[in-house]
Amino acid sequence: MALEEKREKRPPVTPMMIEEEAALRNGSRGLPPGSWAEAAGPRPRTTERHIAVHKRLVLGFAVSILALLAVTMIAVLLSVRFEGCSAAADGPPRASGNGSLPGAARQTPGAGQLPGRPEQEEEEEKEARGGEVAEEKEEEEWQRRRELPPWTRPRLPRHLRPLHYNLMLNAFMENFTFSGEVNVQLEVLNASRYIVLHAHRMHIEAVRVAEDKLAGGVRVDRSFFYPQTQVFVVVLNRSLEVQRSYNLKIIYNALIENELLGFFRSSYVLHGERRFLAVTQFSPTHARKAFPCFDEPIYKATFKISIRHQATYLSLSNMPVETSVFEEDGWVTDHFSQTPLMSTYYLAWAVCNFTYRETVTKSGVVVRLYARPDAIRRGSGDYALNITRRLIEFYEDYFKVPYSLPKLDLLAVPKHPYAAMENWGLSVFVEQRILLDPSVSSISYLLDVTMVIVHELCHQWFGDLVTPVWWEDVWLKEGFAHYFEFVGTDYLYPGWNMEKQRFLTDVLHEVMLLDGLASSHPVSQEVKQATDIDRVFDWIAYKKGAALIRMLANFMGHSVFQMGLQDYLTIHKYGNAARNDLWNTLSKALKRVGKSVNIQEVMDQWTLQMGYPVIAILGNETTDNVIVISQERFVYDGDAKPKDPALGDNSYLWQIPLTIAVGNTSHISSEAIIWVSNKSEHHRIPALEESTWLLGNINQTGYFRVNYDIRNWRLLIHQLTRNHEVISVSNRAGLIDDAFNLARAGYLPQNIPLEIIRYFSEEKDFLPWHAASQALYPLDKLLDRAENYNIFNEYILRQVASMYLKLGWPTNNLNKSLVQASYQHEELRREVIMLACSFGNKHCHQQAATLISDWISSNRNRIPLNVRDIVYCTGVSLMDEDVWEFIWMKFHSTTAVSEKKILLEALTCSDDRNLLNRLLNLSLNSEVVLDQDAIDVIIHVARNPHGRDLAWKFFREKWKILNARYGEALFMNSKLISGVTEFLNTEEELRELKNFIKSYEGGAAVSFSRAVETVEANVRWKRLYKEELFQWLRKSLTH
Ligand SMILES: [Zn+2]
């Protein structure tokens, strides 16, 4: 699964209701009058417009509570035992009586009910309905045995194993419901009377259990939902016998949901007409909303899926269609081939009327890209299709394991909760991450599209073919896919040096910011309950996972690492593996080349401990050629207390593969590796002289920071000024990031990082500039409301000015292929222009204003693609309200997704507080700003010094609405919380934040504690170091 990249170019997409679709649900299109409200009942989220709807619901709910009370009283009086009323829809607990779905499938003319059910099943259906009282008795029985009933435990009981699923689905697109019949072949490992499997938000009509598929089944005593663990329990009148196989048949129906999880719907407009599609998102725990199943990754089984739908649609699933059976009434059933062994979370299907383009790999894998017909016609999918073919060939060669399925479909959908999902053979992407129109896309957009595709394709092996045993190791599959984004992109664009260079700024530096907080967590996280599962998909899992894998690949050597991965995939294919399986395979690979490192022992320290070390390398004044190397845990705020003291032990030690080199003015030695495992160690370094400097963590392959004594820092600064090319590009970027962050945390005087960037007039490589700007913007946000801000501003402008002059502005390259454009050069120029314009270079401002004026007067946009966002933002901030209105109008009229996004962000750059307020308020109107974009609007206003307090106030006032919208999408919610709060830096703001959290009770606690720690660190930095920084700046500027 690809999360939304923090590169902040593309809109994140959230599981949100879209107003018009909600209107359809309660309007003429959908369910019978009166029943829609029930269908809407269990939905967890609302939007503003639904408030009216909810008043009705609340009223209805109150009436049903009263009715329930009355019935209960009568029941108690008459001592009536209720039986047979609970096998209805589950979902959040609510009054009984409104549990079942509207049964729309049955009421739809021509919609085709499942084939007529024999009387026996009708009988069993009645029997199958368990009563709550019976369930309670059952629980009491277990309590007497001092055991938890198997359905109340966080994991499924291990006595059964699914071997094969036959799943027949009927999709009713005209009322967004579906019905299904699942037949699960079960193997019994331990005798038991219970079948416990996942099922959530569905109405179960019938349950039947047969031995070896023969007639004369096992009698079902009763069955019931247990919503707390999202399971369905079938209680049999006798035990299933060990080593026999049984068939479990369940007939059910459910909604094609309007939220973006499970089997959900989405829509788009074609030729003025709204068209619908339905698609699945099962990862991590939503397959259970689409069919009853053993919804844990360890339960691998084969699947045979059939989908019946109107012939005006087509259906897709992981495997190709084997046969299609057409009916006279305009319906068709597609029968898909059987899958290999796989887990439920990457099973998938879709019903849509998309069209496609196709290509075939050398090894015969058919690759198709499905998208809305107009996008296919325009060729917007061709880029993705082309690189997918090449990437399958790359991975087959790299892993030495062929792609496992006969085909791979890429599906571009208008809405999706993540950037993409790696379903085996049917990967789903949000349109913005796969469609690309070369005439309006910048290089960074192309890079985003490329990397998401590389990521999802890696998962076809890491994740789909070999699957983590349990979610605690999700970082393994996500870390690999994230790391390979860079390796795979290097294969496509060999000159771009993604793995050696861009990885540093986009992954390593970013995650070290997060992981340097005391409130961080280990990359391997214990997952105790279902609610923990969503939590593990965060940047620590993705980025730290990738950074650790890169460190491992480097200290093993890339070819041995690759060999180890080949073994790992071959040994575990079609199965599951845990991190120790990987460590063992890699250790063996190392042994084969005569090296002996216990990889598990080393890596456990990095995966089970949170945070990372800072290494200090100090010259020893008494003994020549001897240095002292010490390690401690790096934290931004030394006063911060870890949230869990057991996790945040400051006596942490790591086994650190420290590479080290010595250099002088013209030469750097080859690197040596020192394994540092103690708190402090002495090491002898030959050829250490008065004028030689030391450099640690060569090319920043290790996941740690390095600090030196001031003398060594001075020598390094001197080297950069004299001849920076003696130090590699990656090391220059690494030095910059380490210095800024060490200073921010108080390990280093504030002037050192600012002195390092003094050589920038000579720096012609993109990466050091990128590293510097990533460190300068947060520093800028700490200072931008300070009285003396101008001297900081002035200092940065001086460092940027000369390179800005040298590089100049790009010309319009509309006709030039993006792929051929020089990525390094264009990205460098873009970075320098961005710094110049945002720190107020006059020429840069004039240039932006001229380009905007030209656009307005000619109504032709001749602004070069790669700097459009900078020009729009600068124009809006400098020019009058008319420009804001012009951009606003263009935002409404443009259809290209990438362009729409940067226009919207430009609107947040205004200095005018009224306009910013207007924008904030408009952002919550789903008809104006897509729900997924609203978060970005608020975050970007918070980055604007003129809007920070407005966004912060808006966030607090609208928290209820925002939390209702994004609360369940944990990842989105935490992005919003950190985006709005990360630059708050006054005592007053810290107090406001703490008070706000106090008054607000509920989820998101982790995000809020991280926010408090960040703001505390900001306040602390300002108190301790701001004046030191300004004093140095004043002195430096006057000299
Ligand atoms: Zn992924």
# chains A, B, ... in the order shown; residues from 1 in each chain; ligands from 1
$ residues_near_ligand --ligand "ligand 1" --cutoff "7 Å" --atoms "only C-alpha atoms and all ligand atoms" --output "PDB file with N, CA, C and O atoms, in the first residue's frame"
ATOM      1  N   MET A   1       0.862  -1.177   0.000  1.00  0.00           N
ATOM      2  CA  MET A   1       0.000   0.000   0.000  1.00  0.00           C
ATOM      3  C   MET A   1       0.897   1.225   0.000  1.00  0.00           C
ATOM      4  O   MET A   1       1.896   1.270   0.701  1.00  0.00           O
ATOM      5  N   ALA A   2       0.574   2.183  -0.785  1.00  0.00           N
ATOM      6  CA  ALA A   2       1.368   3.411  -0.779  1.00  0.00           C
ATOM      7  C   ALA A   2       0.595   4.491  -0.053  1.00  0.00           C
ATOM      8  O   ALA A   2      -0.552   4.776  -0.370  1.00  0.00           O
ATOM      9  N   MET A 421      -3.068   0.526  -3.953  1.00  0.00           N
ATOM     10  CA  MET A 421      -3.086  -0.738  -3.201  1.00  0.00           C
ATOM     11  C   MET A 421      -2.657  -1.861  -4.122  1.00  0.00           C
ATOM     12  O   MET A 421      -3.139  -1.980  -5.242  1.00  0.00           O
ATOM     13  N   GLU A 422      -1.775  -2.714  -3.566  1.00  0.00           N
ATOM     14  CA  GLU A 422      -1.052  -3.679  -4.395  1.00  0.00           C
ATOM     15  C   GLU A 422      -1.793  -4.972  -4.660  1.00  0.00           C
ATOM     16  O   GLU A 422      -1.155  -6.010  -4.856  1.00  0.00           O
ATOM     17  N   HIS A 455       6.531   0.967  -6.368  1.00  0.00           N
ATOM     18  CA  HIS A 455       6.183   0.472  -5.028  1.00  0.00           C
ATOM     19  C   HIS A 455       5.175  -0.687  -5.114  1.00  0.00           C
ATOM     20  O   HIS A 455       5.400  -1.757  -4.563  1.00  0.00           O
ATOM     21  N   GLU A 456       4.079  -0.453  -5.817  1.00  0.00           N
ATOM     22  CA  GLU A 456       3.031  -1.476  -5.861  1.00  0.00           C
ATOM     23  C   GLU A 456       3.517  -2.732  -6.582  1.00  0.00           C
ATOM     24  O   GLU A 456       3.135  -3.846  -6.234  1.00  0.00           O
ATOM     25  N   HIS A 459       5.458  -4.967  -4.337  1.00  0.00           N
ATOM     26  CA  HIS A 459       4.572  -5.744  -3.465  1.00  0.00           C
ATOM     27  C   HIS A 459       4.062  -7.023  -4.124  1.00  0.00           C
ATOM     28  O   HIS A 459       3.634  -7.939  -3.422  1.00  0.00           O
ATOM     29  N   LYS A 477       7.190  -5.516   4.607  1.00  0.00           N
ATOM     30  CA  LYS A 477       6.713  -5.395   3.227  1.00  0.00           C
ATOM     31  C   LYS A 477       6.719  -3.930   2.781  1.00  0.00           C
ATOM     32  O   LYS A 477       7.102  -3.611   1.658  1.00  0.00           O
ATOM     33  N   GLU A 478       6.333  -3.019   3.685  1.00  0.00           N
ATOM     34  CA  GLU A 478       6.276  -1.606   3.280  1.00  0.00           C
ATOM     35  C   GLU A 478       7.676  -0.998   3.187  1.00  0.00           C
ATOM     36  O   GLU A 478       7.940  -0.169   2.330  1.00  0.00           O
ATOM     37  N   ALA A 481       9.065  -2.208  -0.146  1.00  0.00           N
ATOM     38  CA  ALA A 481       8.441  -1.553  -1.298  1.00  0.00           C
ATOM     39  C   ALA A 481       8.914  -0.100  -1.392  1.00  0.00           C
ATOM     40  O   ALA A 481       9.155   0.424  -2.479  1.00  0.00           O
TER      41      ALA A 481
END
$ residues_around --residues "range 794-807 of chain A" --least-positions-apart "4" --cutoff "7 Å" --atoms "only C-alpha atoms" --output "JSON, numbers by chain"
{"A": [758, 760, 761, 790, 829, 832, 833, 836, 839, 841]}
$ closest_residue --among "A:His843, A:Lys591, A:Arg219, A:Arg372" --to "Phe354 in chain A" --atoms "only C-alpha atoms"
A:Arg372
$ select_by_dssp --residues "range 805-1022 of chain A" --states "alpha helix (DSSP H)" --output "PyMOL selection string"
chain A and resi 805-807+823-838+842-858+868-878+881-893+897-907+913-923+931-943+948-957+959-966+970-981+987-999+1005-1022
$ atom_distance --atom1 "CA of His309 in chain A" --atom2 "CA of Cys352 in chain A"
9.8 Å
$ closest_residue --among "A:Asp515, A:Glu671, A:Asp869, A:Glu296" --to "Arg1010 in chain A" --atoms "only C-alpha atoms"
A:Asp515
$ residues_around --residues "Asp765 in chain A" --least-positions-apart "3" --cutoff "10 Å" --atoms "only C-alpha atoms" --output "ChimeraX atom specification"
/A:729-730,732-733,760,762,768-770,824-825,827-829
$ write_last_selection --atoms "N, CA, C and O atoms" --output "PDB file, in the first residue's frame"
ATOM      1  N   VAL A 729      28.607  14.054  -3.016  1.00  0.00           N
ATOM      2  CA  VAL A 729      27.307  14.740  -2.994  1.00  0.00           C
ATOM      3  C   VAL A 729      26.460  14.270  -1.814  1.00  0.00           C
ATOM      4  O   VAL A 729      25.901  15.074  -1.058  1.00  0.00           O
ATOM      5  N   SER A 730      26.372  12.940  -1.642  1.00  0.00           N
ATOM      6  CA  SER A 730      25.534  12.419  -0.555  1.00  0.00           C
ATOM      7  C   SER A 730      26.080  12.848   0.796  1.00  0.00           C
ATOM      8  O   SER A 730      25.319  13.157   1.709  1.00  0.00           O
ATOM      9  N   ARG A 732      27.778  15.578   1.400  1.00  0.00           N
ATOM     10  CA  ARG A 732      27.515  17.015   1.608  1.00  0.00           C
ATOM     11  C   ARG A 732      26.085  17.200   2.121  1.00  0.00           C
ATOM     12  O   ARG A 732      25.833  17.941   3.071  1.00  0.00           O
ATOM     13  N   ALA A 733      25.150  16.466   1.489  1.00  0.00           N
ATOM     14  CA  ALA A 733      23.756  16.556   1.947  1.00  0.00           C
ATOM     15  C   ALA A 733      23.638  16.037   3.379  1.00  0.00           C
ATOM     16  O   ALA A 733      22.906  16.608   4.197  1.00  0.00           O
ATOM     17  N   PHE A 760      27.655  27.605  -0.786  1.00  0.00           N
ATOM     18  CA  PHE A 760      26.592  27.321  -1.749  1.00  0.00           C
ATOM     19  C   PHE A 760      26.709  28.065  -3.083  1.00  0.00           C
ATOM     20  O   PHE A 760      26.095  27.674  -4.059  1.00  0.00           O
ATOM     21  N   GLU A 762      28.995  27.836  -4.885  1.00  0.00           N
ATOM     22  CA  GLU A 762      29.689  26.895  -5.777  1.00  0.00           C
ATOM     23  C   GLU A 762      28.957  25.557  -5.914  1.00  0.00           C
ATOM     24  O   GLU A 762      29.391  24.692  -6.663  1.00  0.00           O
ATOM     25  N   PRO A 768      22.470  18.585  -2.122  1.00  0.00           N
ATOM     26  CA  PRO A 768      22.779  19.441  -0.961  1.00  0.00           C
ATOM     27  C   PRO A 768      21.825  20.633  -0.841  1.00  0.00           C
ATOM     28  O   PRO A 768      21.425  21.005   0.271  1.00  0.00           O
ATOM     29  N   TRP A 769      21.419  21.180  -1.968  1.00  0.00           N
ATOM     30  CA  TRP A 769      20.433  22.272  -1.929  1.00  0.00           C
ATOM     31  C   TRP A 769      19.108  21.793  -1.350  1.00  0.00           C
ATOM     32  O   TRP A 769      18.482  22.480  -0.548  1.00  0.00           O
ATOM     33  N   HIS A 770      18.733  20.622  -1.785  1.00  0.00           N
ATOM     34  CA  HIS A 770      17.453  20.072  -1.314  1.00  0.00           C
ATOM     35  C   HIS A 770      17.523  19.815   0.194  1.00  0.00           C
ATOM     36  O   HIS A 770      16.580  20.137   0.934  1.00  0.00           O
ATOM     37  N   GLN A 824      18.238  16.359 -12.881  1.00  0.00           N
ATOM     38  CA  GLN A 824      19.084  17.002 -11.861  1.00  0.00           C
ATOM     39  C   GLN A 824      19.104  18.513 -12.034  1.00  0.00           C
ATOM     40  O   GLN A 824      18.917  19.267 -11.092  1.00  0.00           O
ATOM     41  N   HIS A 825      19.312  18.926 -13.266  1.00  0.00           N
ATOM     42  CA  HIS A 825      19.462  20.352 -13.513  1.00  0.00           C
ATOM     43  C   HIS A 825      18.152  21.102 -13.260  1.00  0.00           C
ATOM     44  O   HIS A 825      18.132  22.152 -12.617  1.00  0.00           O
ATOM     45  N   GLU A 827      15.632  20.156 -11.405  1.00  0.00           N
ATOM     46  CA  GLU A 827      15.261  20.130  -9.994  1.00  0.00           C
ATOM     47  C   GLU A 827      16.112  21.115  -9.192  1.00  0.00           C
ATOM     48  O   GLU A 827      15.628  21.759  -8.264  1.00  0.00           O
ATOM     49  N   LEU A 828      17.397  21.221  -9.555  1.00  0.00           N
ATOM     50  CA  LEU A 828      18.260  22.189  -8.884  1.00  0.00           C
ATOM     51  C   LEU A 828      17.750  23.610  -9.104  1.00  0.00           C
ATOM     52  O   LEU A 828      17.608  24.400  -8.170  1.00  0.00           O
ATOM     53  N   ARG A 829      17.452  23.911 -10.366  1.00  0.00           N
ATOM     54  CA  ARG A 829      16.997  25.262 -10.683  1.00  0.00           C
ATOM     55  C   ARG A 829      15.693  25.581  -9.941  1.00  0.00           C
ATOM     56  O   ARG A 829      15.516  26.654  -9.387  1.00  0.00           O
TER      57      ARG A 829
END
$ decode --residues "range 378-392 of chain A" --atoms "all heavy atoms" --output "tab-separated table (two decimals), in the first residue's frame"
chain	number	residue	atom	x	y	z
A	378	ARG	N	-7.27	9.75	-24.26
A	378	ARG	CA	-6.22	10.78	-24.29
A	378	ARG	C	-4.81	10.20	-24.16
A	378	ARG	O	-3.83	10.89	-24.33
A	378	ARG	CB	-6.41	11.74	-23.10
A	378	ARG	CG	-7.39	12.87	-23.32
A	378	ARG	CD	-7.06	14.06	-22.40
A	378	ARG	NE	-6.92	13.68	-21.00
A	378	ARG	CZ	-7.92	13.63	-20.12
A	378	ARG	NH1	-9.14	13.98	-20.51
A	378	ARG	NH2	-7.72	13.28	-18.87
A	379	GLY	N	-4.74	8.93	-23.78
A	379	GLY	CA	-3.42	8.31	-23.61
A	379	GLY	C	-2.80	8.60	-22.25
A	379	GLY	O	-1.60	8.42	-22.05
A	380	SER	N	-3.63	9.04	-21.27
A	380	SER	CA	-3.08	9.40	-19.96
A	380	SER	C	-2.52	8.21	-19.19
A	380	SER	O	-1.78	8.38	-18.23
A	380	SER	CB	-4.15	10.07	-19.09
A	380	SER	OG	-4.67	11.18	-19.74
A	381	GLY	N	-2.89	7.00	-19.62
A	381	GLY	CA	-2.40	5.82	-18.91
A	381	GLY	C	-1.18	5.20	-19.58
A	381	GLY	O	-0.60	4.24	-19.06
A	382	ASP	N	-0.78	5.73	-20.71
A	382	ASP	CA	0.28	5.06	-21.49
A	382	ASP	C	1.62	5.03	-20.77
A	382	ASP	O	2.35	4.05	-20.84
A	382	ASP	CB	0.45	5.74	-22.86
A	382	ASP	CG	-0.78	5.53	-23.73
A	382	ASP	OD1	-1.72	4.83	-23.26
A	382	ASP	OD2	-0.83	6.05	-24.85
A	383	TYR	N	1.94	6.12	-20.07
A	383	TYR	CA	3.21	6.16	-19.38
A	383	TYR	C	3.28	5.03	-18.34
A	383	TYR	O	4.24	4.25	-18.29
A	383	TYR	CB	3.41	7.52	-18.70
A	383	TYR	CG	4.64	7.56	-17.82
A	383	TYR	CD1	5.91	7.62	-18.38
A	383	TYR	CD2	4.52	7.50	-16.43
A	383	TYR	CE1	7.04	7.62	-17.57
A	383	TYR	CE2	5.64	7.49	-15.63
A	383	TYR	CZ	6.90	7.56	-16.19
A	383	TYR	OH	8.01	7.55	-15.40
A	384	ALA	N	2.20	4.93	-17.53
A	384	ALA	CA	2.17	3.91	-16.48
A	384	ALA	C	2.25	2.51	-17.07
A	384	ALA	O	2.95	1.64	-16.55
A	384	ALA	CB	0.89	4.07	-15.66
A	385	LEU	N	1.53	2.30	-18.14
A	385	LEU	CA	1.50	0.98	-18.78
A	385	LEU	C	2.90	0.60	-19.26
A	385	LEU	O	3.37	-0.52	-19.04
A	385	LEU	CB	0.54	1.05	-19.97
A	385	LEU	CG	0.11	-0.27	-20.58
A	385	LEU	CD1	-0.63	-1.12	-19.56
A	385	LEU	CD2	-0.79	-0.02	-21.79
A	386	ASN	N	3.55	1.56	-19.87
A	386	ASN	CA	4.87	1.31	-20.41
A	386	ASN	C	5.89	0.98	-19.31
A	386	ASN	O	6.64	0.01	-19.41
A	386	ASN	CB	5.28	2.55	-21.21
A	386	ASN	CG	6.66	2.40	-21.78
A	386	ASN	OD1	7.09	1.29	-22.11
A	386	ASN	ND2	7.38	3.50	-21.88
A	387	ILE	N	5.89	1.77	-18.24
A	387	ILE	CA	6.90	1.48	-17.20
A	387	ILE	C	6.55	0.20	-16.44
A	387	ILE	O	7.42	-0.49	-15.95
A	387	ILE	CB	7.16	2.67	-16.22
A	387	ILE	CG1	5.94	3.02	-15.41
A	387	ILE	CG2	7.72	3.88	-16.95
A	387	ILE	CD1	6.27	3.93	-14.23
A	388	THR	N	5.26	-0.12	-16.35
A	388	THR	CA	4.88	-1.35	-15.64
A	388	THR	C	5.46	-2.57	-16.36
A	388	THR	O	6.01	-3.47	-15.72
A	388	THR	CB	3.35	-1.48	-15.56
A	388	THR	OG1	2.85	-0.36	-14.84
A	388	THR	CG2	2.94	-2.75	-14.86
A	389	ARG	N	5.35	-2.58	-17.67
A	389	ARG	CA	5.92	-3.69	-18.43
A	389	ARG	C	7.42	-3.82	-18.14
A	389	ARG	O	7.93	-4.88	-17.82
A	389	ARG	CB	5.68	-3.48	-19.92
A	389	ARG	CG	6.27	-4.59	-20.80
A	389	ARG	CD	5.99	-4.35	-22.28
A	389	ARG	NE	6.29	-2.97	-22.71
A	389	ARG	CZ	7.50	-2.48	-22.91
A	389	ARG	NH1	8.55	-3.23	-22.74
A	389	ARG	NH2	7.67	-1.20	-23.29
A	390	ARG	N	8.12	-2.69	-18.18
A	390	ARG	CA	9.56	-2.73	-17.95
A	390	ARG	C	9.90	-3.13	-16.51
A	390	ARG	O	10.87	-3.83	-16.26
A	390	ARG	CB	10.18	-1.37	-18.28
A	390	ARG	CG	10.05	-1.02	-19.77
A	390	ARG	CD	10.69	0.31	-20.07
A	390	ARG	NE	12.08	0.39	-19.61
A	390	ARG	CZ	12.70	1.54	-19.30
A	390	ARG	NH1	12.05	2.68	-19.39
A	390	ARG	NH2	13.95	1.54	-18.91
A	391	LEU	N	9.05	-2.69	-15.58
A	391	LEU	CA	9.34	-2.99	-14.18
A	391	LEU	C	9.11	-4.46	-13.84
A	391	LEU	O	9.83	-5.04	-13.02
A	391	LEU	CB	8.50	-2.10	-13.26
A	391	LEU	CG	8.98	-0.65	-13.19
A	391	LEU	CD1	7.92	0.24	-12.57
A	391	LEU	CD2	10.29	-0.54	-12.40
A	392	ILE	N	8.10	-5.07	-14.45
A	392	ILE	CA	7.89	-6.50	-14.21
A	392	ILE	C	9.13	-7.25	-14.67
A	392	ILE	O	9.66	-8.13	-13.98
A	392	ILE	CB	6.62	-7.02	-14.93
A	392	ILE	CG1	5.38	-6.43	-14.27
A	392	ILE	CG2	6.56	-8.55	-14.89
A	392	ILE	CD1	4.08	-6.83	-14.91
